[in-house]
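A.B. asks: Before we start, here is the structure in question, set down as structure tokens.
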There are 2 protein chains.
Amino acid sequence: MAEQEYPVGDRSRVRRKPERGSHERAVVDAILDEGLVCHVGVVVDSRPVVIPMSYARDGGRLILHGAAGSRLMWALASGCEACVTVTHLDGIVVAHSAFDSSMNYRSAVAFGRARAIDDPTAKRRALDVLTDHLIPGRAGEIRPPTDAELAATTVIELVIEEASAKTRSGPPSKPARSIPRGVWSGVVPLRLTALPAVPAPGAPGEPPASVRRVGGRVSGT
Amino acid sequence: MAEQEYPVGDRSRVRRKPERGSHERAVVDAILDEGLVCHVGVVVDSRPVVIPMSYARDGGRLILHGAAGSRLMWALASGCEACVTVTHLDGIVVAHSAFDSSMNYRSAVAFGRARAIDDPTAKRRALDVLTDHLIPGRAGEIRPPTDAELAATTVIELVIEEASAKTRSGPPSKPARSIPRGVWSGVVPLRLTALPAVPAPGAPGEPPASVRRVGGRVSGT
């Protein structure tokens, strides 16, 4: 069923180690939904520029936002092509040789054309999606953005035209040749973890439900 | 003194919130040296592609590597322009409004033209730099790459032509208008942490010094 997979094109086909690749929506979306920061690539004056941004997935589109007037936001708002990549680092794979050493990771690469969301209602909704992606439930705890805040923010949507995921997990691959005895190999697992929340001066000590949810959201389990 | 800063150009000038930006080599290099994965942007058929890769800084250049024959490696080896971005996520900044909420982060963006390192001695040295960046001291613990492994690997150098860093730290910014009472604000700190090393089947239980150094390397302290 086509709709269970993202379209595959020349940009998104996984060529190297295709056994690590997937175009399944469930796989790609899980990687996108766990991430806090994406790396957005655009072409400016024929040259690549890659900028980290917060983001959220909303169905088959990605939402980005930034200060109105920034050069990147201007490029995105004017409808340029973009590549949005999200990577989770799960471990360092230490093999008996440098050649077989590697990383455990899950990454998603999405391609599409960006465009500005100008309609105020749609813009407010997209900003709520962004806020709740980062801090689940926060949009319902705070006042809505003012008109001035809305005007100062450029909100971008990128309908995902093509996407792929690539992942590696597990111990070092066993090469055909023999492994020297006594040389350690294995994996150093890595995790992004949330430390206890630190209240700002004058804030109540106890964080609200949304902030308490960040820990579970970050660990991704 | 010019050599204490990376050159600034049209691509690398920090325009938005310049108080968060820096071109100082010490600032940029510290961010690059802490990272395990970078996001490499190139232009393929006039469109942006962003791929996560392991990397290492070696003086004023970045070293990348990958399987010979991959499309991205081919583009890099043939001398394309690249943008390499490294981002550390330090926290989620929870303000009393969505507008003032943000992320604490440190990111470095480097621009340059890629080229293949073909000379075998230079290639071996660059691979050792890569290995030791990820697992400090590992290159000295294991056998050198074989000629076949060397041939199967494309090693790229990117001399940094322009670079900039951008960082945010600390609590939510205080807006001029009053903060509603009772609404929590603060920071949820985030850290990439290394869990205890997991030996591969048949490997000695005790990891070597290089692997034991990964924990301190990842925490970045």
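In the structure tokens, chains take letters A, B, ... by order of appearance, with residues numbered from 1 within each chain and ligands from 1 in the order shown.
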Please produce, as a tab-separated table, a per-residue contact table for chain B versus chain A (criterion: any atom at most 6 Å away, only C-alpha atoms considered), showing the nearest atom pair and its distance in Å to one decimal, sorted by chain then residue number.
C.D. replies:
residue	atom	partner	partner_atom	distance
B:Gly41	CA	A:Pro48	CA	5.7
B:Val42	CA	A:Pro48	CA	5.3
B:Val43	CA	A:Pro48	CA	5.8
B:Pro48	CA	A:Val42	CA	5.3
B:Val49	CA	A:Cys83	CA	5.7
B:Val50	CA	A:Gly41	CA	5.9
B:Cys83	CA	A:Val49	CA	5.7
B:Pro171	CA	A:Ala200	CA	5.9
B:Trp184	CA	A:Ala203	CA	5.2
B:Ser185	CA	A:Ala200	CA	5.6
B:Gly186	CA	A:Pro199	CA	4.2
B:Val187	CA	A:Val198	CA	5.2
B:Val188	CA	A:Ala197	CA	4.4
B:Pro189	CA	A:Leu195	CA	5.2
B:Leu190	CA	A:Ala194	CA	4.6
B:Arg191	CA	A:Thr193	CA	5.4
B:Leu192	CA	A:Leu192	CA	4.3
B:Thr193	CA	A:Arg191	CA	5.4
B:Ala194	CA	A:Leu190	CA	4.6
B:Leu195	CA	A:Pro189	CA	5.2
B:Ala197	CA	A:Val188	CA	4.4
B:Val198	CA	A:Val187	CA	5.2
B:Pro199	CA	A:Gly186	CA	4.2
B:Ala200	CA	A:Gly186	CA	4.3
B:Ala203	CA	A:Trp184	CA	5.2
B:Pro204	CA	A:Trp184	CA	5.6
A.B. asks: Within 10 Å of Ser78 of chain A, counting only C-alpha atoms, which residues show up once you throw out same-chain ones fewer than 3 positions away? Write them as a PDB file with C-alpha atoms, in the first residue's frame, please.
C.D. replies:
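Just written: around.pdb:
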ATOM      1  CA  LEU A  72      16.898  31.586   5.956  1.00  0.00           C
ATOM      2  CA  MET A  73      13.264  32.236   6.840  1.00  0.00           C
ATOM      3  CA  TRP A  74      12.982  34.497   3.818  1.00  0.00           C
ATOM      4  CA  ALA A  75      14.355  31.768   1.545  1.00  0.00           C
ATOM      5  CA  GLU A  81      13.429  23.456  -1.926  1.00  0.00           C
ATOM      6  CA  ARG A 113       9.350  22.674  -1.029  1.00  0.00           C
ATOM      7  CA  ALA A 114       8.865  25.128   1.813  1.00  0.00           C
ATOM      8  CA  ARG A 115       6.167  27.770   1.965  1.00  0.00           C
ATOM      9  CA  ALA A 116       4.990  30.338   4.476  1.00  0.00           C
ATOM     10  CA  ILE A 156       6.897  27.522   7.401  1.00  0.00           C
TER      11      ILE A 156
END
A.B. asks: Check segment 97-185 of chain B with DSSP on the backbone and list each residue it calls alpha helix (DSSP H), as a list in words.
C.D. replies: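 In segment 97-185 of chain B, DSSP puts these residues in alpha helix (DSSP H): Pro120, Thr121, Ala122, Lys123, Arg124, Arg125, Ala126, Leu127, Asp128, Val129, Leu130, Thr131, Asp132, His133, Leu134, Asp147, Ala148, Glu149, Leu150 and Ala151 of chain B.
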A.B. asks: Go through segment 70-220 of chain B and collect every residue that DSSP, computed from the backbone, puts in strand (DSSP E or B); the answer should be as a PyMOL selection string.
C.D. replies: chain B and resi 81-94+102-116+153-159+162-168+186-194+198-199
A.B. asks: Write a file of the just-selected residues containing C-alpha atoms, as a PDB file, in the first residue's frame.
C.D. replies:
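Saved to selection-v4.pdb:
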ATOM      1  CA  GLU B  81      31.064  23.132  -1.931  1.00  0.00           C
ATOM      2  CA  ALA B  82      29.844  21.844   1.391  1.00  0.00           C
ATOM      3  CA  CYS B  83      28.369  23.222   4.579  1.00  0.00           C
ATOM      4  CA  VAL B  84      29.128  21.233   7.729  1.00  0.00           C
ATOM      5  CA  THR B  85      27.016  21.954  10.792  1.00  0.00           C
ATOM      6  CA  VAL B  86      27.472  20.602  14.319  1.00  0.00           C
ATOM      7  CA  THR B  87      24.845  21.207  17.000  1.00  0.00           C
ATOM      8  CA  HIS B  88      24.815  20.460  20.715  1.00  0.00           C
ATOM      9  CA  LEU B  89      21.448  20.648  22.398  1.00  0.00           C
ATOM     10  CA  ASP B  90      21.847  21.901  25.971  1.00  0.00           C
ATOM     11  CA  GLY B  91      18.288  22.472  27.088  1.00  0.00           C
ATOM     12  CA  ILE B  92      14.693  23.394  26.438  1.00  0.00           C
ATOM     13  CA  VAL B  93      13.924  26.968  27.498  1.00  0.00           C
ATOM     14  CA  VAL B  94      10.376  27.091  28.839  1.00  0.00           C
ATOM     15  CA  SER B 102      13.553  28.565  22.982  1.00  0.00           C
ATOM     16  CA  MET B 103      16.400  26.083  23.061  1.00  0.00           C
ATOM     17  CA  ASN B 104      19.790  26.308  24.716  1.00  0.00           C
ATOM     18  CA  TYR B 105      22.326  25.139  22.173  1.00  0.00           C
ATOM     19  CA  ARG B 106      25.784  25.569  20.727  1.00  0.00           C
ATOM     20  CA  SER B 107      26.157  25.212  16.984  1.00  0.00           C
ATOM     21  CA  ALA B 108      28.995  25.681  14.532  1.00  0.00           C
ATOM     22  CA  VAL B 109      28.539  26.139  10.794  1.00  0.00           C
ATOM     23  CA  ALA B 110      31.594  25.704   8.553  1.00  0.00           C
ATOM     24  CA  PHE B 111      31.823  26.323   4.817  1.00  0.00           C
ATOM     25  CA  GLY B 112      34.420  25.084   2.385  1.00  0.00           C
ATOM     26  CA  ARG B 113      35.145  23.110  -0.724  1.00  0.00           C
ATOM     27  CA  ALA B 114      35.607  19.382  -0.234  1.00  0.00           C
ATOM     28  CA  ARG B 115      38.329  17.316  -1.853  1.00  0.00           C
ATOM     29  CA  ALA B 116      39.481  13.717  -1.680  1.00  0.00           C
ATOM     30  CA  THR B 153      37.106   4.152   1.904  1.00  0.00           C
ATOM     31  CA  THR B 154      36.844   7.660   0.500  1.00  0.00           C
ATOM     32  CA  VAL B 155      38.437  10.204   2.815  1.00  0.00           C
ATOM     33  CA  ILE B 156      37.529  13.854   2.368  1.00  0.00           C
ATOM     34  CA  GLU B 157      39.071  17.020   3.672  1.00  0.00           C
ATOM     35  CA  LEU B 158      37.300  20.318   3.834  1.00  0.00           C
ATOM     36  CA  VAL B 159      39.519  23.301   4.556  1.00  0.00           C
ATOM     37  CA  GLU B 162      34.369  30.534   6.685  1.00  0.00           C
ATOM     38  CA  ALA B 163      32.839  29.509   9.980  1.00  0.00           C
ATOM     39  CA  SER B 164      30.629  30.830  12.703  1.00  0.00           C
ATOM     40  CA  ALA B 165      29.252  29.693  16.023  1.00  0.00           C
ATOM     41  CA  LYS B 166      25.913  30.512  17.560  1.00  0.00           C
ATOM     42  CA  THR B 167      24.948  29.739  21.121  1.00  0.00           C
ATOM     43  CA  ARG B 168      22.200  30.333  23.638  1.00  0.00           C
ATOM     44  CA  GLY B 186      12.691  27.721  33.482  1.00  0.00           C
ATOM     45  CA  VAL B 187      14.994  25.349  31.686  1.00  0.00           C
ATOM     46  CA  VAL B 188      15.037  21.580  31.191  1.00  0.00           C
ATOM     47  CA  PRO B 189      18.765  20.814  30.765  1.00  0.00           C
ATOM     48  CA  LEU B 190      19.629  18.138  28.205  1.00  0.00           C
ATOM     49  CA  ARG B 191      22.811  16.074  28.030  1.00  0.00           C
ATOM     50  CA  LEU B 192      24.141  13.438  25.692  1.00  0.00           C
ATOM     51  CA  THR B 193      25.400  10.738  28.035  1.00  0.00           C
ATOM     52  CA  ALA B 194      27.354   7.533  27.543  1.00  0.00           C
ATOM     53  CA  VAL B 198      28.604  -3.391  26.234  1.00  0.00           C
ATOM     54  CA  PRO B 199      31.242  -5.948  25.091  1.00  0.00           C
TER      55      PRO B 199
END
